[in-house]
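Raw contents of entry31.cif, mmCIF, C-alpha atoms:
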```
data_target
#
loop_
_atom_site.label_atom_id
_atom_site.label_comp_id
_atom_site.auth_asym_id
_atom_site.auth_seq_id
_atom_site.Cartn_x
_atom_site.Cartn_y
_atom_site.Cartn_z
CA MET C 173 1.93 7.24 16.25
CA LEU C 174 -0.25 10.20 15.28
CA PHE C 175 0.21 13.72 16.63
CA ILE C 176 -2.61 16.22 16.05
CA PHE C 177 -1.52 19.83 16.49
CA ASP C 178 -4.50 22.02 17.30
CA GLU C 179 -5.58 25.30 15.72
CA ASN C 180 -3.41 27.36 18.06
CA TYR C 181 -0.40 26.38 16.00
CA PRO C 182 0.21 27.95 12.62
CA PRO C 183 -0.68 25.37 9.96
CA GLU C 184 2.61 26.16 8.19
CA PHE C 185 4.54 25.12 11.31
CA VAL C 186 2.63 21.85 11.57
CA ARG C 187 3.01 21.00 7.91
CA GLY C 188 6.70 21.93 7.98
CA PHE C 189 7.29 19.85 11.09
CA SER C 190 5.53 16.94 9.38
CA ILE C 191 7.91 17.26 6.42
CA LEU C 192 10.91 17.25 8.75
CA GLU C 193 9.63 14.10 10.48
CA LYS C 194 9.06 12.28 7.19
CA ALA C 195 12.50 13.27 5.90
CA ASN C 196 14.25 11.66 8.87
CA LYS C 197 15.04 8.20 7.51
CA ARG C 198 16.89 7.21 10.70
CA ASN C 199 13.81 7.48 12.90
CA THR C 200 13.66 4.82 15.57
CA ILE C 201 10.03 5.82 16.18
CA SER C 202 8.20 7.32 13.25
CA ALA C 203 5.22 9.61 13.66
CA ASP C 204 2.55 11.21 11.55
CA ILE C 205 1.97 14.88 12.26
CA VAL C 206 -1.21 16.59 11.19
CA PHE C 207 -2.95 19.93 11.69
CA SER C 208 -6.27 19.49 13.51
CA VAL C 209 -8.25 21.24 10.77
CA ASP C 210 -6.84 18.83 8.17
CA PHE C 211 -7.43 15.87 10.49
CA MET C 212 -11.08 16.89 10.87
CA GLY C 213 -11.61 17.13 7.12
CA GLY C 214 -10.95 20.80 6.49
CA PRO C 215 -12.16 24.11 7.87
CA ARG C 216 -15.70 24.52 9.15
CA LEU C 217 -17.66 27.50 7.96
CA ASP C 218 -20.49 29.36 9.65
CA PRO C 219 -23.51 28.77 7.39
CA ALA C 220 -24.85 32.27 8.03
CA THR C 221 -21.67 34.27 7.48
CA GLY C 222 -19.37 31.90 5.60
CA GLU C 223 -16.60 32.69 8.10
CA ARG C 224 -14.27 30.00 9.37
CA ILE C 225 -15.16 28.74 12.85
CA THR C 226 -13.01 26.89 15.34
CA ILE C 227 -13.51 23.15 15.57
CA PRO C 228 -14.67 22.26 19.11
CA ASP C 229 -12.04 20.49 21.20
CA GLU C 230 -14.63 17.84 22.10
CA ASP C 231 -14.96 16.88 18.43
CA ILE C 232 -11.20 16.58 18.02
CA ILE C 233 -10.90 14.46 21.17
CA THR C 234 -13.63 12.09 19.97
CA GLN C 235 -12.03 11.65 16.54
CA ALA C 236 -8.52 11.34 18.03
CA SER C 237 -9.64 8.41 20.17
CA ARG C 238 -10.39 6.37 17.06
CA ARG C 239 -6.75 6.64 16.00
CA GLU C 240 -5.08 6.50 19.45
CA ALA C 241 -3.71 9.92 18.64
CA VAL C 242 -1.96 12.50 20.75
CA ILE C 243 -3.31 16.05 20.76
CA VAL C 244 -0.68 18.78 20.98
CA THR C 245 -1.86 22.16 22.22
CA HIS C 246 -0.76 25.37 23.83
CA ASP C 247 -4.38 26.25 24.52
CA SER C 248 -4.65 26.80 28.26
CA ASP C 249 -8.24 25.47 28.16
CA PHE C 250 -6.85 21.95 28.27
CA LYS C 251 -5.06 22.84 31.47
CA ARG C 252 -7.97 24.68 33.13
CA ILE C 253 -11.18 22.94 32.15
CA LYS C 254 -11.84 19.69 33.99
CA HIS C 255 -14.41 18.72 31.36
CA TYR C 256 -11.64 18.11 28.81
CA LYS C 257 -9.68 15.98 31.22
CA ALA C 258 -12.72 13.77 31.74
CA LEU C 259 -13.15 13.47 27.95
CA LEU C 260 -9.48 12.62 27.49
CA ILE C 261 -9.78 9.89 30.08
CA GLN C 262 -13.09 8.60 28.71
CA HIS C 263 -11.80 8.47 25.13
CA LYS C 264 -8.29 7.37 26.13
CA VAL C 265 -6.55 10.20 24.31
CA GLY C 266 -3.08 11.46 25.09
CA TYR C 267 -2.20 15.12 25.07
CA ILE C 268 0.81 17.32 25.21
CA TYR C 269 0.44 20.81 26.61
CA PHE C 270 3.11 23.25 25.50
CA ARG C 271 3.39 25.95 28.13
CA THR C 272 3.84 29.32 26.48
CA PRO C 273 4.83 32.41 28.40
CA LYS C 274 2.56 35.44 28.24
CA LYS C 275 4.78 36.87 25.55
CA TYR C 276 6.00 33.95 23.50
CA VAL C 277 8.25 33.90 20.51
CA TYR C 278 7.42 31.62 17.57
CA TRP C 279 10.93 30.18 17.49
CA ASP C 280 10.72 29.18 21.16
CA TYR C 281 8.27 26.40 20.42
CA VAL C 282 9.92 25.49 17.13
CA LYS C 283 13.22 24.95 18.96
CA ALA C 284 11.55 23.19 21.89
CA PHE C 285 9.90 20.64 19.60
CA VAL C 286 12.89 20.13 17.33
CA ASN C 287 15.34 19.76 20.22
CA LYS C 288 13.19 17.35 22.23
CA TRP C 289 11.23 15.59 19.48
CA GLU C 290 12.92 12.18 19.78
CA GLU C 291 12.58 12.27 23.57
CA ILE C 292 8.90 13.24 23.25
CA LYS C 293 8.23 10.33 20.90
CA LEU C 294 10.07 7.92 23.17
CA LYS C 295 8.11 8.99 26.28
CA ILE C 296 4.82 8.89 24.39
CA GLY C 297 5.68 5.46 23.02
CA GLU C 298 6.25 4.20 26.57
CA SER C 299 2.96 5.66 27.85
CA THR C 300 -0.47 4.10 27.96
CA HIS C 301 -3.46 6.15 26.82
CA PRO C 302 -4.80 8.31 28.39
CA PHE C 303 -1.84 10.44 29.45
CA ALA C 304 -0.73 14.03 29.63
CA PHE C 305 2.63 15.75 29.31
CA GLU C 306 3.68 19.35 29.57
CA ILE C 307 6.56 20.85 27.64
CA SER C 308 8.20 23.94 29.05
CA ARG C 309 9.36 26.71 26.79
CA GLN C 310 12.88 25.34 27.22
CA GLY C 311 11.72 21.91 26.05
CA HIS C 312 11.58 20.11 29.41
CA LEU C 313 9.04 17.29 29.35
CA THR C 314 6.97 16.63 32.50
CA LYS C 315 4.26 14.02 32.98
CA LEU C 316 0.99 15.49 34.30
CA GLN C 317 -1.70 13.82 36.38
CA LEU C 318 -5.07 13.38 34.69
#
```
In structure tokens, how does this file's structure come out?
Amino acid sequence: MLFIFDENYPPEFVRGFSILEKANKRNTISADIVFSVDFMGGPRLDPATGERITIPDEDIITQASRREAVIVTHDSDFKRIKHYKALLIQHKVGYIYFRTPKKYVYWDYVKAFVNKWEEIKLKIGESTHPFAFEISRQGHLTKLQL
């Protein structure tokens, strides 16, 4: 099971969470956790300016489908833009939307993922691609309609 955390998450959080997952030798369901930039082969740079540019969600969705991955985001675009939902369905990709309040605290999503991680993996493992879940700030997991 592969979870791709998008660029809205700090890469240090994603890499740290990956280390925690790998250290858990009693996992009933093991998962690989990767930062989307790493998954896509590293940062993309604007040829004119040399500045780092965001990897388009469409590219991540397409690549994720080849690995039956789950995209984890707190980017509200996935919730608002119907185009992404169609792509998720077409490419049979799962996604988890972490709902952040307007003023969110870093530790809110750290705690939400740590506290509910085994439940998240279990629900994802029981789901057929494509699917969508939402995690509340308190860590409640809700299945969404695609």
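Going from CA of Val186 (chain C) over to CA of Tyr278 (chain C), you cover 12.4 Å.
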Requested in this report: Expand the PyMOL selection byres ((chain C and resi 318) around 9) into the individual residues it matches in the shown file, reporting them as a count of residues only.
Outcome: 9
Query raised in the report: Care to translate the PyMOL selection byres ((chain C and resi 202-210) around 10) into actual residues of this file, as an NGL selection string?
Result: :C and (173-194 or 196-201 or 211-216 or 226-227 or 229 or 232 or 236 or 241-244 or 290 or 293)
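Here CA of Lys283 (chain C) is placed at a distance of 12.2 Å from CA of Phe270 (chain C).
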Requested in this report: May I ask which of the residues C:Arg271, C:Arg224, C:His301, C:Lys315 is the closest one to Glu240 (chain C), counting all atoms listed in the file?
Outcome: C:His301
Query raised in the report: So which residues are close to (5.2, 12.3, 28.4), meaning at most 6 Å away in the file's coordinates with all atoms listed in the file counted, and can you show them as a PyMOL selection string?
Result: chain C and resi 295-296+305+315
Requested in this report: Counting only C-alpha atoms, note down every residue that has an atom within 10 Å of the point (2.8, 27.0, 25.4) (file coordinates), as a PyMOL selection string.
Outcome: chain C and resi 180-181+244-248+268-274+276+280-281+306-309
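With CA of Asp231 (chain C) on one side and CA of Gln262 (chain C) on the other, the separation reads 13.3 Å.
You can rank C:Ile292, C:Leu259, C:Val282, C:Ala195 by their closest distance to Gln235 (chain C) using all atoms listed in the file, and at the top of that list sits C:Leu259.
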With all atoms of region 228-236 of chain C from the file as input, state the centre and edge lengths in Å to one decimal of the axis-aligned box that has 4 Å extra on each side, as lines of an AutoDock Vina configuration file.
```
center_x = -11.7
center_y = 16.8
center_z = 19.3
size_x = 14.4
size_y = 18.9
size_z = 13.6
```
Query raised in the report: From the set C:Ile233, C:His312, C:Arg239, C:Glu223, which residue has the shortest atom-to-atom contact distance to Asn287 (chain C), counting all atoms listed in the file?
Result: C:His312
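With all atoms listed in the file as the basis for measurement, C:Leu313 is the residue among C:Gly266, C:Leu313, C:Thr300, C:Pro228 that approaches Lys288 (chain C) most closely.
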Mind completing region 259-282 of chain C with N, CA and C atoms? Output as a tab-separated table (two decimals), in the frame of the given file, please?
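As written to disk, selection18.tsv reads:
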```tsv
chain	number	residue	atom	x	y	z
C	259	LEU	N	-13.02	13.98	29.33
C	259	LEU	CA	-13.15	13.47	27.95
C	259	LEU	C	-11.88	12.73	27.51
C	260	LEU	N	-10.73	13.27	27.85
C	260	LEU	CA	-9.48	12.62	27.49
C	260	LEU	C	-9.39	11.24	28.13
C	261	ILE	N	-9.81	11.17	29.38
C	261	ILE	CA	-9.78	9.89	30.08
C	261	ILE	C	-10.81	8.93	29.47
C	262	GLN	N	-12.03	9.43	29.27
C	262	GLN	CA	-13.09	8.60	28.71
C	262	GLN	C	-12.72	8.05	27.34
C	263	HIS	N	-12.13	8.89	26.49
C	263	HIS	CA	-11.80	8.47	25.13
C	263	HIS	C	-10.38	7.94	24.99
C	264	LYS	N	-9.66	7.90	26.10
C	264	LYS	CA	-8.29	7.37	26.13
C	264	LYS	C	-7.38	8.06	25.12
C	265	VAL	N	-7.37	9.37	25.21
C	265	VAL	CA	-6.55	10.20	24.31
C	265	VAL	C	-5.39	10.77	25.10
C	266	GLY	N	-4.23	10.82	24.47
C	266	GLY	CA	-3.08	11.46	25.09
C	266	GLY	C	-3.02	12.92	24.66
C	267	TYR	N	-2.41	13.75	25.51
C	267	TYR	CA	-2.20	15.12	25.07
C	267	TYR	C	-0.91	15.66	25.61
C	268	ILE	N	-0.40	16.61	24.84
C	268	ILE	CA	0.81	17.32	25.21
C	268	ILE	C	0.44	18.80	25.28
C	269	TYR	N	0.71	19.38	26.42
C	269	TYR	CA	0.44	20.81	26.61
C	269	TYR	C	1.77	21.56	26.56
C	270	PHE	N	1.90	22.44	25.60
C	270	PHE	CA	3.11	23.25	25.50
C	270	PHE	C	2.87	24.56	26.24
C	271	ARG	N	3.58	24.75	27.31
C	271	ARG	CA	3.39	25.95	28.13
C	271	ARG	C	4.09	27.13	27.45
C	272	THR	N	3.28	28.11	27.09
C	272	THR	CA	3.84	29.32	26.48
C	272	THR	C	3.82	30.44	27.50
C	273	PRO	N	4.85	31.25	27.51
C	273	PRO	CA	4.83	32.41	28.40
C	273	PRO	C	3.82	33.43	27.86
C	274	LYS	N	3.51	34.42	28.68
C	274	LYS	CA	2.56	35.44	28.24
C	274	LYS	C	2.98	36.07	26.92
C	275	LYS	N	4.26	36.33	26.81
C	275	LYS	CA	4.78	36.87	25.55
C	275	LYS	C	5.71	35.80	24.98
C	276	TYR	N	5.18	35.02	24.04
C	276	TYR	CA	6.00	33.95	23.50
C	276	TYR	C	6.51	34.32	22.12
C	277	VAL	N	7.60	33.70	21.79
C	277	VAL	CA	8.25	33.90	20.51
C	277	VAL	C	8.07	32.61	19.71
C	278	TYR	N	7.66	32.75	18.46
C	278	TYR	CA	7.42	31.62	17.57
C	278	TYR	C	8.57	30.61	17.62
C	279	TRP	N	9.79	31.08	17.56
C	279	TRP	CA	10.93	30.18	17.49
C	279	TRP	C	11.16	29.43	18.78
C	280	ASP	N	10.59	29.92	19.90
C	280	ASP	CA	10.72	29.18	21.16
C	280	ASP	C	10.08	27.80	21.04
C	281	TYR	N	8.85	27.74	20.49
C	281	TYR	CA	8.27	26.40	20.42
C	281	TYR	C	8.81	25.60	19.25
C	282	VAL	N	9.27	26.23	18.21
C	282	VAL	CA	9.92	25.49	17.13
C	282	VAL	C	11.16	24.78	17.69
```
